[in-house]
$ cat final.cif   # mmCIF, C-alpha atoms and all ligand atoms
data_run
#
loop_
_atom_site.label_atom_id
_atom_site.label_comp_id
_atom_site.auth_asym_id
_atom_site.auth_seq_id
_atom_site.Cartn_x
_atom_site.Cartn_y
_atom_site.Cartn_z
CA MET A 1356 0.00 0.00 0.00
CA LYS A 1357 1.40 3.41 -0.97
CA HIS A 1358 1.79 5.99 1.79
CA GLU A 1359 2.20 9.77 1.65
CA MET A 1360 3.04 12.59 4.04
CA VAL A 1361 0.52 15.35 4.69
CA PHE A 1362 1.52 18.41 6.69
CA GLY A 1363 0.25 21.82 7.74
CA LEU A 1364 -2.64 22.56 10.10
CA HIS A 1365 -5.43 22.98 7.55
CA ALA A 1366 -4.39 20.03 5.41
CA VAL A 1367 -4.17 17.69 8.42
CA GLU A 1368 -7.43 18.97 9.90
CA ALA A 1369 -9.16 18.42 6.54
CA LEU A 1370 -7.77 14.88 6.34
CA LEU A 1371 -8.88 14.14 9.92
CA ASN A 1372 -12.36 15.42 9.15
CA ARG A 1373 -12.76 13.72 5.78
CA ALA A 1374 -10.78 10.48 5.89
CA PRO A 1375 -9.37 9.74 9.37
CA GLU A 1376 -9.18 6.02 8.50
CA ARG A 1377 -6.33 6.79 6.07
CA ILE A 1378 -4.08 8.15 8.84
CA LYS A 1379 -1.38 5.77 10.05
CA GLU A 1380 0.82 8.06 12.18
CA LEU A 1381 0.58 11.63 13.39
CA TRP A 1382 3.48 13.66 14.76
CA LEU A 1383 3.21 16.97 16.62
CA LEU A 1384 5.89 19.47 17.55
CA LYS A 1385 7.13 18.88 21.09
CA GLY A 1386 7.18 21.64 23.67
CA ARG A 1387 4.90 24.17 21.95
CA GLU A 1388 1.86 25.44 23.78
CA ASP A 1389 -0.41 26.05 20.86
CA GLU A 1390 -4.19 25.96 20.77
CA ARG A 1391 -4.37 24.87 17.13
CA LEU A 1392 -1.93 22.00 17.69
CA GLN A 1393 -3.86 20.97 20.79
CA GLY A 1394 -7.03 21.09 18.67
CA VAL A 1395 -5.45 18.70 16.14
CA ALA A 1396 -4.35 16.41 19.00
CA ASP A 1397 -7.91 16.35 20.39
CA LEU A 1398 -9.45 15.79 16.95
CA ALA A 1399 -7.00 12.95 16.30
CA ALA A 1400 -7.68 11.37 19.69
CA GLY A 1401 -11.39 11.41 18.87
CA PHE A 1402 -10.62 9.18 15.86
CA GLY A 1403 -8.34 6.90 17.87
CA VAL A 1404 -5.13 8.37 16.39
CA ARG A 1405 -2.49 8.85 19.07
CA PRO A 1406 -0.17 11.81 18.32
CA GLN A 1407 3.57 11.33 18.82
CA LEU A 1408 5.56 14.35 20.01
CA CYS A 1409 8.87 15.13 18.32
CA ALA A 1410 11.51 17.80 17.77
CA ARG A 1411 11.29 20.30 14.89
CA LYS A 1412 14.24 18.70 13.08
CA VAL A 1413 12.47 15.33 13.03
CA LEU A 1414 9.26 16.92 11.70
CA ASP A 1415 11.26 18.77 9.02
CA GLU A 1416 12.71 15.44 7.88
CA LYS A 1417 9.40 13.61 7.91
CA ALA A 1418 7.66 16.36 5.92
CA GLY A 1419 10.65 17.01 3.66
CA SER A 1420 9.89 20.67 4.35
CA SER A 1421 10.02 23.14 7.22
CA GLN A 1422 6.53 24.45 6.32
CA HIS A 1423 4.61 21.91 8.43
CA GLN A 1424 3.33 24.27 11.18
CA GLY A 1425 4.17 21.61 13.77
CA VAL A 1426 2.03 18.79 12.42
CA VAL A 1427 2.85 15.92 10.04
CA VAL A 1428 0.85 12.82 9.15
CA ARG A 1429 1.73 9.60 7.36
CA CYS A 1430 -1.35 8.27 5.62
CA VAL A 1431 -2.46 5.79 2.99
CA ALA A 1432 -2.19 7.54 -0.37
CA GLU A 1433 -5.48 8.18 -2.14
CA PRO A 1434 -5.74 6.31 -5.45
CA THR A 1435 -5.11 8.69 -8.37
CA LYS A 1436 -8.27 9.72 -10.23
CA GLY A 1437 -8.27 9.61 -14.02
CA GLU A 1438 -10.61 9.57 -17.03
CA HIS A 1439 -13.05 6.99 -15.59
CA GLU A 1440 -13.54 8.88 -12.35
CA LEU A 1441 -14.00 12.11 -14.32
CA ASP A 1442 -16.77 10.47 -16.36
CA ALA A 1443 -18.43 9.26 -13.18
CA LEU A 1444 -18.32 12.81 -11.81
CA LEU A 1445 -19.87 14.22 -15.02
CA ASP A 1446 -22.65 11.60 -14.92
CA GLY A 1447 -23.82 13.08 -11.64
CA LEU A 1448 -23.68 16.77 -12.64
CA GLU A 1449 -26.26 18.90 -14.38
CA THR A 1450 -24.05 21.93 -14.99
CA PRO A 1451 -20.39 21.00 -14.62
CA PHE A 1452 -18.00 23.75 -13.55
CA LEU A 1453 -14.45 22.53 -14.15
CA LEU A 1454 -10.93 23.89 -14.04
CA VAL A 1455 -8.22 22.56 -16.37
CA LEU A 1456 -4.54 23.35 -15.78
CA ASP A 1457 -2.45 22.69 -18.88
CA GLY A 1458 0.96 21.83 -17.44
CA VAL A 1459 1.29 23.82 -14.22
CA THR A 1460 4.55 22.67 -12.64
CA ASP A 1461 4.90 24.69 -9.44
CA PRO A 1462 3.27 22.97 -6.42
CA HIS A 1463 2.53 26.37 -4.87
CA ASN A 1464 0.53 27.34 -7.96
CA LEU A 1465 -1.41 24.06 -8.03
CA GLY A 1466 -2.14 24.39 -4.30
CA ALA A 1467 -3.34 27.98 -4.76
CA CYS A 1468 -5.49 26.97 -7.77
CA LEU A 1469 -7.11 24.16 -5.75
CA ARG A 1470 -7.80 26.62 -2.94
CA SER A 1471 -9.52 29.04 -5.34
CA ALA A 1472 -11.34 26.17 -7.06
CA ASP A 1473 -12.75 25.05 -3.72
CA ALA A 1474 -13.84 28.58 -2.86
CA ALA A 1475 -15.52 29.01 -6.26
CA GLY A 1476 -17.41 25.71 -6.02
CA VAL A 1477 -15.55 24.01 -8.88
CA HIS A 1478 -16.56 20.35 -9.24
CA GLY A 1479 -13.16 19.06 -10.32
CA VAL A 1480 -9.68 20.07 -11.47
CA ILE A 1481 -8.10 18.32 -14.46
CA VAL A 1482 -4.35 18.15 -15.12
CA PRO A 1483 -2.23 16.14 -17.56
CA LYS A 1484 -0.26 13.26 -15.99
CA ASP A 1485 3.00 14.29 -17.64
CA ARG A 1486 4.94 17.55 -17.47
CA SER A 1487 2.71 18.74 -14.67
CA VAL A 1488 2.85 18.68 -10.89
CA GLY A 1489 0.59 16.10 -9.21
CA MET A 1490 -0.56 15.91 -5.61
CA THR A 1491 2.31 16.48 -3.16
CA GLY A 1492 2.66 17.49 0.47
CA VAL A 1493 3.43 21.08 -0.56
CA VAL A 1494 0.33 21.19 -2.80
CA ARG A 1495 -1.83 19.97 0.09
CA LYS A 1496 -0.26 22.44 2.52
CA VAL A 1497 -0.76 25.42 0.18
CA ALA A 1498 -4.30 24.27 -0.66
CA VAL A 1499 -5.20 24.53 3.09
CA GLY A 1500 -7.64 21.62 2.93
CA ALA A 1501 -8.92 22.10 -0.64
CA ALA A 1502 -6.84 19.13 -1.84
CA GLU A 1503 -9.12 17.00 0.32
CA SER A 1504 -12.34 18.61 -0.93
CA VAL A 1505 -11.82 19.22 -4.68
CA PRO A 1506 -11.16 16.10 -6.78
CA LEU A 1507 -8.02 16.24 -8.92
CA PHE A 1508 -8.12 14.20 -12.16
CA GLN A 1509 -4.81 13.29 -13.82
CA VAL A 1510 -5.37 12.37 -17.46
CA THR A 1511 -3.03 10.74 -19.98
CA ASN A 1512 -3.97 12.84 -23.01
CA LEU A 1513 -5.33 16.29 -22.16
CA ALA A 1514 -6.47 17.19 -25.70
CA ARG A 1515 -8.44 13.93 -25.91
CA THR A 1516 -10.06 14.60 -22.52
CA LEU A 1517 -10.96 18.14 -23.62
CA ARG A 1518 -12.63 16.80 -26.79
CA HIS A 1519 -14.49 14.29 -24.66
CA LEU A 1520 -15.72 17.12 -22.42
CA GLN A 1521 -16.93 18.94 -25.53
CA GLU A 1522 -18.83 15.85 -26.67
CA ARG A 1523 -20.51 15.85 -23.27
CA GLY A 1524 -21.65 19.42 -23.82
CA VAL A 1525 -18.99 21.28 -21.82
CA TRP A 1526 -17.92 24.66 -23.26
CA LEU A 1527 -14.13 25.02 -23.20
CA VAL A 1528 -12.84 28.47 -22.35
CA GLY A 1529 -9.07 28.94 -22.59
CA ALA A 1530 -7.38 31.81 -20.79
CA ALA A 1531 -4.68 33.42 -22.95
CA GLY A 1532 -3.38 36.95 -22.53
CA GLU A 1533 -3.29 37.60 -26.28
CA ALA A 1534 -6.93 36.65 -26.93
CA THR A 1535 -8.95 39.31 -28.69
CA HIS A 1536 -12.00 39.25 -26.50
CA THR A 1537 -12.09 39.49 -22.75
CA LEU A 1538 -13.22 37.32 -19.88
CA TYR A 1539 -16.03 39.81 -19.26
CA ASP A 1540 -17.47 39.26 -22.78
CA SER A 1541 -17.63 35.51 -22.23
CA LYS A 1542 -20.77 33.57 -21.20
CA LEU A 1543 -19.81 31.25 -18.39
CA VAL A 1544 -23.23 30.20 -17.16
CA GLY A 1545 -23.62 26.70 -18.63
CA PRO A 1546 -21.46 23.58 -18.39
CA VAL A 1547 -17.97 25.04 -18.60
CA ALA A 1548 -14.30 24.12 -18.24
CA ILE A 1549 -11.95 27.05 -17.70
CA THR A 1550 -8.53 26.15 -19.03
CA MET A 1551 -5.34 27.82 -17.82
CA GLY A 1552 -1.83 27.59 -19.27
CA ALA A 1553 1.52 26.73 -17.75
CA GLU A 1554 3.73 29.22 -15.92
CA GLY A 1555 6.26 29.68 -18.72
CA LYS A 1556 4.63 28.65 -21.97
CA GLY A 1557 0.96 29.28 -21.43
CA LEU A 1558 -1.58 27.05 -23.20
CA ARG A 1559 -0.12 24.45 -25.54
CA ARG A 1560 -0.98 24.77 -29.24
CA LEU A 1561 -3.23 21.71 -29.28
CA THR A 1562 -5.08 22.86 -26.15
CA ARG A 1563 -5.63 26.28 -27.72
CA GLU A 1564 -6.97 24.68 -30.88
CA VAL A 1565 -9.44 22.49 -29.00
CA CYS A 1566 -10.82 25.37 -26.89
CA ASP A 1567 -14.18 26.75 -28.06
CA GLU A 1568 -13.18 30.25 -27.05
CA LEU A 1569 -10.06 32.08 -25.89
CA ILE A 1570 -10.40 34.95 -23.46
CA ALA A 1571 -8.02 37.53 -21.98
CA ILE A 1572 -8.08 39.27 -18.62
CA PRO A 1573 -7.53 42.94 -19.51
CA MET A 1574 -4.12 44.17 -18.36
CA ALA A 1575 -3.79 47.90 -17.67
CA GLY A 1576 -0.17 48.14 -16.60
CA ALA A 1577 3.31 47.31 -17.81
CA VAL A 1578 3.43 43.56 -17.13
CA SER A 1579 2.24 41.19 -19.84
CA SER A 1580 0.73 38.38 -17.75
CA LEU A 1581 -0.55 37.40 -14.33
CA ASN A 1582 0.59 34.52 -12.18
CA VAL A 1583 -1.47 31.46 -13.20
CA SER A 1584 -3.10 31.08 -9.78
CA VAL A 1585 -4.11 34.74 -9.72
CA ALA A 1586 -5.52 34.48 -13.27
CA THR A 1587 -7.36 31.31 -12.22
CA GLY A 1588 -9.00 33.08 -9.29
CA ILE A 1589 -10.12 35.96 -11.51
CA CYS A 1590 -11.61 33.67 -14.19
CA LEU A 1591 -13.33 31.36 -11.70
CA PHE A 1592 -14.94 34.20 -9.78
CA GLU A 1593 -16.20 35.89 -12.95
CA ALA A 1594 -17.92 32.55 -13.66
CA VAL A 1595 -19.25 32.49 -10.08
CA ARG A 1596 -20.63 36.04 -10.55
CA GLN A 1597 -22.39 35.05 -13.77
CA ARG A 1598 -23.71 31.76 -12.38
CA ARG A 1599 -25.35 33.27 -9.30
CA GLY A 1600 -29.13 33.00 -9.13
C1 LIG B 1 2.17 33.23 -16.33
S1 LIG B 1 0.95 32.97 -17.51
C2 LIG B 1 1.86 32.39 -18.90
C3 LIG B 1 2.47 33.46 -19.67
C4 LIG B 1 3.01 32.95 -20.98
N1 LIG B 1 4.19 33.67 -21.32
C5 LIG B 1 1.99 33.07 -22.12
O1 LIG B 1 2.37 33.54 -23.16
O2 LIG B 1 0.84 32.65 -21.96
C6 LIG B 1 0.16 31.48 -17.04
C7 LIG B 1 -1.27 31.37 -17.47
O3 LIG B 1 -2.08 32.27 -16.70
C8 LIG B 1 -3.16 32.71 -17.51
N2 LIG B 1 -3.04 34.18 -17.65
C9 LIG B 1 -2.12 34.99 -17.13
N3 LIG B 1 -2.36 36.28 -17.46
C10 LIG B 1 -3.48 36.26 -18.21
C11 LIG B 1 -4.26 37.26 -18.86
N4 LIG B 1 -3.96 38.55 -18.79
N5 LIG B 1 -5.35 36.87 -19.54
C12 LIG B 1 -5.71 35.58 -19.62
N6 LIG B 1 -5.02 34.59 -19.03
C13 LIG B 1 -3.93 34.92 -18.33
C14 LIG B 1 -3.06 32.02 -18.84
O4 LIG B 1 -3.84 30.86 -18.84
C15 LIG B 1 -1.57 31.70 -18.90
O5 LIG B 1 -1.31 30.62 -19.76
#
$ encode --input "final.cif" --output "structure tokens" --more "lines below"
Ligand SMILES: C[S@@+](CC[C@H](N)C(=O)[O-])C[C@H]1O[C@@H](n2cnc3c(N)ncnc32)[C@H](O)[C@@H]1O
Amino acid sequence: MKHEMVFGLHAVEALLNRAPERIKELWLLKGREDERLQGVADLAAGFGVRPQLCARKVLDEKAGSSQHQGVVVRCVAEPTKGEHELDALLDGLETPFLLVLDGVTDPHNLGACLRSADAAGVHGVIVPKDRSVGMTGVVRKVAVGAAESVPLFQVTNLARTLRHLQERGVWLVGAAGEATHTLYDSKLVGPVAITMGAEGKGLRRLTREVCDELIAIPMAGAVSSLNVSVATGICLFEAVRQRRG
């Protein structure tokens, strides 16, 4: 059975609340009087998980990062979701609202996108299996619990998956700074997948070609593009605005 490390207060709390049975070990920072850490210890105890206290250096090693906020968990890894699970999700949705990330490689950006996706009520996030970051401890930490609430689908061939979404009636909107019409001219009320490009290269040619529509976020200043997670938040919340009521 594959195991993974989850760290950070929100990520561990979300795991305890959603899937405590996956947790095998839980370590807390020794010698710190902290209400949040005590809260995690109490929550864990309620699920029969006994926290082990250890020094910061040991936690750093277990997490492979110093950004653990005093709590690290070893848990059974969740099986990766792919095309089949995505189809099952679509079967149960009347008006899918999806986010596609075409090759985002920075775990901080994926974590931030998942966080925004959760806040916007996105049903699922789709990423290609290759040349793209998958679920990691840093992603979970940055996502502050959203990695546990928003399903992430890793697909073998993104262009094929996008065409499949189209066949199922999903409108594909690609975000590209050079597009000639803007996000605010776009209709985002029906079944929609908002597709964002990679940090360096943006949307790949094939992805661009498959999209039904390309939109730009108007830029008033000197810089030519936004960070992908910022652009994601802007696009998702324009869709939220349009989809209200
Ligand atoms: C850092 S940008 C990539 C910049 C890249 N040089 C390019 O040419 O697309 C990462 C992604 O964020 C989105 N993005 C950033 N700024 C945008 C804007 N002004 N309008 C639309 N999308 C934007 C796009 O999806 C883009 O592919």
$ closest_residue --input "final.cif" --among "A:Ala1553, A:Ile1570, A:Asp1485, A:Arg1560" --to "Leu1527 in chain A" --atoms "all atoms listed in the file"
A:Ile1570
$ residues_near_ligand --input "final.cif" --ligand "ligand LIG 1 (chain B)" --cutoff "9 Å" --atoms "all atoms listed in the file" --output "PDB file with C-alpha atoms, keeping the file's coordinate frame"
ATOM      1  CA  LEU A1456      -4.540  23.350 -15.780  1.00  0.00           C
ATOM      2  CA  ASP A1457      -2.450  22.690 -18.880  1.00  0.00           C
ATOM      3  CA  VAL A1459       1.290  23.820 -14.220  1.00  0.00           C
ATOM      4  CA  GLY A1529      -9.070  28.940 -22.590  1.00  0.00           C
ATOM      5  CA  ALA A1530      -7.380  31.810 -20.790  1.00  0.00           C
ATOM      6  CA  ALA A1531      -4.680  33.420 -22.950  1.00  0.00           C
ATOM      7  CA  GLY A1532      -3.380  36.950 -22.530  1.00  0.00           C
ATOM      8  CA  GLU A1533      -3.290  37.600 -26.280  1.00  0.00           C
ATOM      9  CA  ALA A1534      -6.930  36.650 -26.930  1.00  0.00           C
ATOM     10  CA  THR A1537     -12.090  39.490 -22.750  1.00  0.00           C
ATOM     11  CA  LEU A1538     -13.220  37.320 -19.880  1.00  0.00           C
ATOM     12  CA  THR A1550      -8.530  26.150 -19.030  1.00  0.00           C
ATOM     13  CA  MET A1551      -5.340  27.820 -17.820  1.00  0.00           C
ATOM     14  CA  GLY A1552      -1.830  27.590 -19.270  1.00  0.00           C
ATOM     15  CA  ALA A1553       1.520  26.730 -17.750  1.00  0.00           C
ATOM     16  CA  GLU A1554       3.730  29.220 -15.920  1.00  0.00           C
ATOM     17  CA  GLY A1555       6.260  29.680 -18.720  1.00  0.00           C
ATOM     18  CA  LYS A1556       4.630  28.650 -21.970  1.00  0.00           C
ATOM     19  CA  GLY A1557       0.960  29.280 -21.430  1.00  0.00           C
ATOM     20  CA  LEU A1558      -1.580  27.050 -23.200  1.00  0.00           C
ATOM     21  CA  ARG A1559      -0.120  24.450 -25.540  1.00  0.00           C
ATOM     22  CA  LEU A1569     -10.060  32.080 -25.890  1.00  0.00           C
ATOM     23  CA  ILE A1570     -10.400  34.950 -23.460  1.00  0.00           C
ATOM     24  CA  ALA A1571      -8.020  37.530 -21.980  1.00  0.00           C
ATOM     25  CA  ILE A1572      -8.080  39.270 -18.620  1.00  0.00           C
ATOM     26  CA  PRO A1573      -7.530  42.940 -19.510  1.00  0.00           C
ATOM     27  CA  MET A1574      -4.120  44.170 -18.360  1.00  0.00           C
ATOM     28  CA  SER A1579       2.240  41.190 -19.840  1.00  0.00           C
ATOM     29  CA  SER A1580       0.730  38.380 -17.750  1.00  0.00           C
ATOM     30  CA  LEU A1581      -0.550  37.400 -14.330  1.00  0.00           C
ATOM     31  CA  ASN A1582       0.590  34.520 -12.180  1.00  0.00           C
ATOM     32  CA  VAL A1583      -1.470  31.460 -13.200  1.00  0.00           C
ATOM     33  CA  SER A1584      -3.100  31.080  -9.780  1.00  0.00           C
ATOM     34  CA  VAL A1585      -4.110  34.740  -9.720  1.00  0.00           C
ATOM     35  CA  ALA A1586      -5.520  34.480 -13.270  1.00  0.00           C
ATOM     36  CA  THR A1587      -7.360  31.310 -12.220  1.00  0.00           C
ATOM     37  CA  CYS A1590     -11.610  33.670 -14.190  1.00  0.00           C
TER      38      CYS A1590
END
$ atom_distance --input "final.cif" --atom1 "CA of Leu1453 in chain A" --atom2 "CA of Leu1543 in chain A"
11.1 Å
$ closest_residue --input "final.cif" --among "A:Ala1369, A:Gly1419, A:Lys1385, A:Gln1393" --to "Gln1407 in chain A" --atoms "all atoms listed in the file"
A:Lys1385
$ closest_residue --input "final.cif" --among "A:Val1477, A:Ala1374, A:Leu1454, A:Ala1594" --to "Asp1540 in chain A" --atoms "all atoms listed in the file"
A:Ala1594
$ atom_distance --input "final.cif" --atom1 "CA of Leu1441 in chain A" --atom2 "CA of Phe1508 in chain A"
6.6 Å
$ atom_distance --input "final.cif" --atom1 "CA of Val1499 in chain A" --atom2 "CA of Arg1470 in chain A"
6.9 Å
$ closest_residue --input "final.cif" --among "A:Met1356, A:Leu1444, A:Ala1432, A:Val1361" --to "Arg1377 in chain A" --atoms "all atoms listed in the file"
A:Ala1432
$ closest_residue --input "final.cif" --among "A:Val1544, A:Leu1383, A:Leu1414, A:Ile1549" --to "Cys1566 in chain A" --atoms "all atoms listed in the file"
A:Ile1549
$ residues_near_point --input "final.cif" --point "(-1.0, 24.2, -1.3)" --cutoff "6 Å" --atoms "all atoms listed in the file" --output "VMD selection string"
chain A and resid 1463 1466 to 1467 1493 to 1498
$ residues_around --input "final.cif" --residues "Ala1410 in chain A" --least-positions-apart "2" --cutoff "10 Å" --atoms "all atoms listed in the file" --output "PyMOL selection string"
chain A and resi 1382-1386+1408+1412-1415+1425
$ closest_residue --input "final.cif" --among "A:Gly1489, A:Lys1436, A:Ile1481, A:Gly1500" --to "Val1367 in chain A" --atoms "all atoms listed in the file"
A:Gly1500
$ residues_around --input "final.cif" --residues "Gly1394 in chain A" --least-positions-apart "2" --cutoff "12 Å" --atoms "all atoms listed in the file" --output "VMD selection string"
chain A and resid 1364 to 1365 1367 to 1368 1371 1383 1388 to 1392 1396 to 1401 1406 1426
$ closest_atom_pairs --input "final.cif" --of "range 1411-1472 of chain A" --to "range 1517-1522 of chain A" --cutoff "10 Å" --atoms "all atoms listed in the file" --output "JSON lines"
{"residue": "A:Glu1438", "atom": "CA", "partner": "A:His1519", "partner_atom": "CA", "distance": 9.8}
{"residue": "A:Leu1441", "atom": "CA", "partner": "A:Leu1520", "partner_atom": "CA", "distance": 9.7}
{"residue": "A:Asp1442", "atom": "CA", "partner": "A:Leu1520", "partner_atom": "CA", "distance": 9.1}
{"residue": "A:Leu1445", "atom": "CA", "partner": "A:Leu1520", "partner_atom": "CA", "distance": 9.0}
{"residue": "A:Pro1451", "atom": "CA", "partner": "A:Leu1520", "partner_atom": "CA", "distance": 9.9}
{"residue": "A:Leu1453", "atom": "CA", "partner": "A:Leu1520", "partner_atom": "CA", "distance": 10.0}
{"residue": "A:Val1455", "atom": "CA", "partner": "A:Leu1517", "partner_atom": "CA", "distance": 8.9}
$ residues_around --input "final.cif" --residues "Val1510 in chain A" --least-positions-apart "5" --cutoff "8 Å" --atoms "all atoms listed in the file" --output "list in words"
Gly1437, Glu1438, Ile1481, Val1482, Pro1483, Lys1484 and Thr1516 of chain A
$ decode --input "final.cif" --residues "range 1492-1518 of chain A" --atoms "N, CA and C atoms" --output "PDB file, in the first residue's frame"
ATOM      1  N   GLY A1492       2.861  16.897  -0.850  1.00  0.00           N
ATOM      2  CA  GLY A1492       2.660  17.493   0.467  1.00  0.00           C
ATOM      3  C   GLY A1492       2.588  19.015   0.390  1.00  0.00           C
ATOM      4  N   VAL A1493       3.434  19.606  -0.432  1.00  0.00           N
ATOM      5  CA  VAL A1493       3.434  21.078  -0.558  1.00  0.00           C
ATOM      6  C   VAL A1493       2.105  21.546  -1.169  1.00  0.00           C
ATOM      7  N   VAL A1494       1.625  20.826  -2.182  1.00  0.00           N
ATOM      8  CA  VAL A1494       0.333  21.189  -2.800  1.00  0.00           C
ATOM      9  C   VAL A1494      -0.758  21.167  -1.733  1.00  0.00           C
ATOM     10  N   ARG A1495      -0.788  20.088  -0.956  1.00  0.00           N
ATOM     11  CA  ARG A1495      -1.829  19.966   0.093  1.00  0.00           C
ATOM     12  C   ARG A1495      -1.711  21.078   1.119  1.00  0.00           C
ATOM     13  N   LYS A1496      -0.471  21.400   1.504  1.00  0.00           N
ATOM     14  CA  LYS A1496      -0.257  22.443   2.523  1.00  0.00           C
ATOM     15  C   LYS A1496      -0.766  23.786   1.993  1.00  0.00           C
ATOM     16  N   VAL A1497      -0.380  24.117   0.751  1.00  0.00           N
ATOM     17  CA  VAL A1497      -0.762  25.415   0.177  1.00  0.00           C
ATOM     18  C   VAL A1497      -2.274  25.470  -0.069  1.00  0.00           C
ATOM     19  N   ALA A1498      -2.858  24.313  -0.354  1.00  0.00           N
ATOM     20  CA  ALA A1498      -4.301  24.275  -0.656  1.00  0.00           C
ATOM     21  C   ALA A1498      -5.153  24.400   0.608  1.00  0.00           C
ATOM     22  N   VAL A1499      -4.518  24.391   1.776  1.00  0.00           N
ATOM     23  CA  VAL A1499      -5.198  24.533   3.086  1.00  0.00           C
ATOM     24  C   VAL A1499      -6.513  23.732   3.202  1.00  0.00           C
ATOM     25  N   GLY A1500      -6.466  22.484   2.779  1.00  0.00           N
ATOM     26  CA  GLY A1500      -7.639  21.622   2.934  1.00  0.00           C
ATOM     27  C   GLY A1500      -8.391  21.385   1.630  1.00  0.00           C
ATOM     28  N   ALA A1501      -8.172  22.247   0.622  1.00  0.00           N
ATOM     29  CA  ALA A1501      -8.918  22.103  -0.641  1.00  0.00           C
ATOM     30  C   ALA A1501      -8.488  20.850  -1.414  1.00  0.00           C
ATOM     31  N   ALA A1502      -7.272  20.359  -1.157  1.00  0.00           N
ATOM     32  CA  ALA A1502      -6.835  19.132  -1.836  1.00  0.00           C
ATOM     33  C   ALA A1502      -7.667  17.945  -1.371  1.00  0.00           C
ATOM     34  N   GLU A1503      -8.269  18.069  -0.205  1.00  0.00           N
ATOM     35  CA  GLU A1503      -9.121  16.998   0.324  1.00  0.00           C
ATOM     36  C   GLU A1503     -10.569  17.174  -0.139  1.00  0.00           C
ATOM     37  N   SER A1504     -10.927  18.381  -0.580  1.00  0.00           N
ATOM     38  CA  SER A1504     -12.338  18.614  -0.926  1.00  0.00           C
ATOM     39  C   SER A1504     -12.598  18.676  -2.430  1.00  0.00           C
ATOM     40  N   VAL A1505     -11.609  19.105  -3.218  1.00  0.00           N
ATOM     41  CA  VAL A1505     -11.824  19.221  -4.678  1.00  0.00           C
ATOM     42  C   VAL A1505     -11.112  18.058  -5.370  1.00  0.00           C
ATOM     43  N   PRO A1506     -11.840  17.222  -6.122  1.00  0.00           N
ATOM     44  CA  PRO A1506     -11.163  16.103  -6.782  1.00  0.00           C
ATOM     45  C   PRO A1506     -10.213  16.562  -7.884  1.00  0.00           C
ATOM     46  N   LEU A1507      -9.032  15.942  -7.903  1.00  0.00           N
ATOM     47  CA  LEU A1507      -8.025  16.236  -8.924  1.00  0.00           C
ATOM     48  C   LEU A1507      -7.951  15.031  -9.865  1.00  0.00           C
ATOM     49  N   PHE A1508      -8.152  15.277 -11.173  1.00  0.00           N
ATOM     50  CA  PHE A1508      -8.123  14.198 -12.158  1.00  0.00           C
ATOM     51  C   PHE A1508      -6.846  14.341 -12.985  1.00  0.00           C
ATOM     52  N   GLN A1509      -6.058  13.266 -13.043  1.00  0.00           N
ATOM     53  CA  GLN A1509      -4.814  13.294 -13.817  1.00  0.00           C
ATOM     54  C   GLN A1509      -5.028  12.440 -15.066  1.00  0.00           C
ATOM     55  N   VAL A1510      -5.004  13.081 -16.233  1.00  0.00           N
ATOM     56  CA  VAL A1510      -5.368  12.367 -17.461  1.00  0.00           C
ATOM     57  C   VAL A1510      -4.152  12.177 -18.368  1.00  0.00           C
ATOM     58  N   THR A1511      -4.188  11.107 -19.148  1.00  0.00           N
ATOM     59  CA  THR A1511      -3.034  10.744 -19.981  1.00  0.00           C
ATOM     60  C   THR A1511      -2.890  11.690 -21.174  1.00  0.00           C
ATOM     61  N   ASN A1512      -4.013  12.025 -21.795  1.00  0.00           N
ATOM     62  CA  ASN A1512      -3.969  12.844 -23.008  1.00  0.00           C
ATOM     63  C   ASN A1512      -4.968  13.994 -22.838  1.00  0.00           C
ATOM     64  N   LEU A1513      -4.433  15.167 -22.523  1.00  0.00           N
ATOM     65  CA  LEU A1513      -5.329  16.285 -22.162  1.00  0.00           C
ATOM     66  C   LEU A1513      -6.232  16.692 -23.336  1.00  0.00           C
ATOM     67  N   ALA A1514      -5.659  16.749 -24.538  1.00  0.00           N
ATOM     68  CA  ALA A1514      -6.469  17.190 -25.699  1.00  0.00           C
ATOM     69  C   ALA A1514      -7.639  16.222 -25.907  1.00  0.00           C
ATOM     70  N   ARG A1515      -7.363  14.925 -25.736  1.00  0.00           N
ATOM     71  CA  ARG A1515      -8.444  13.930 -25.906  1.00  0.00           C
ATOM     72  C   ARG A1515      -9.527  14.142 -24.843  1.00  0.00           C
ATOM     73  N   THR A1516      -9.088  14.373 -23.605  1.00  0.00           N
ATOM     74  CA  THR A1516     -10.058  14.603 -22.521  1.00  0.00           C
ATOM     75  C   THR A1516     -10.877  15.857 -22.805  1.00  0.00           C
ATOM     76  N   LEU A1517     -10.230  16.896 -23.326  1.00  0.00           N
ATOM     77  CA  LEU A1517     -10.960  18.137 -23.621  1.00  0.00           C
ATOM     78  C   LEU A1517     -12.012  17.894 -24.706  1.00  0.00           C
ATOM     79  N   ARG A1518     -11.648  17.109 -25.733  1.00  0.00           N
ATOM     80  CA  ARG A1518     -12.632  16.803 -26.791  1.00  0.00           C
ATOM     81  C   ARG A1518     -13.797  16.000 -26.217  1.00  0.00           C
TER      82      ARG A1518
END
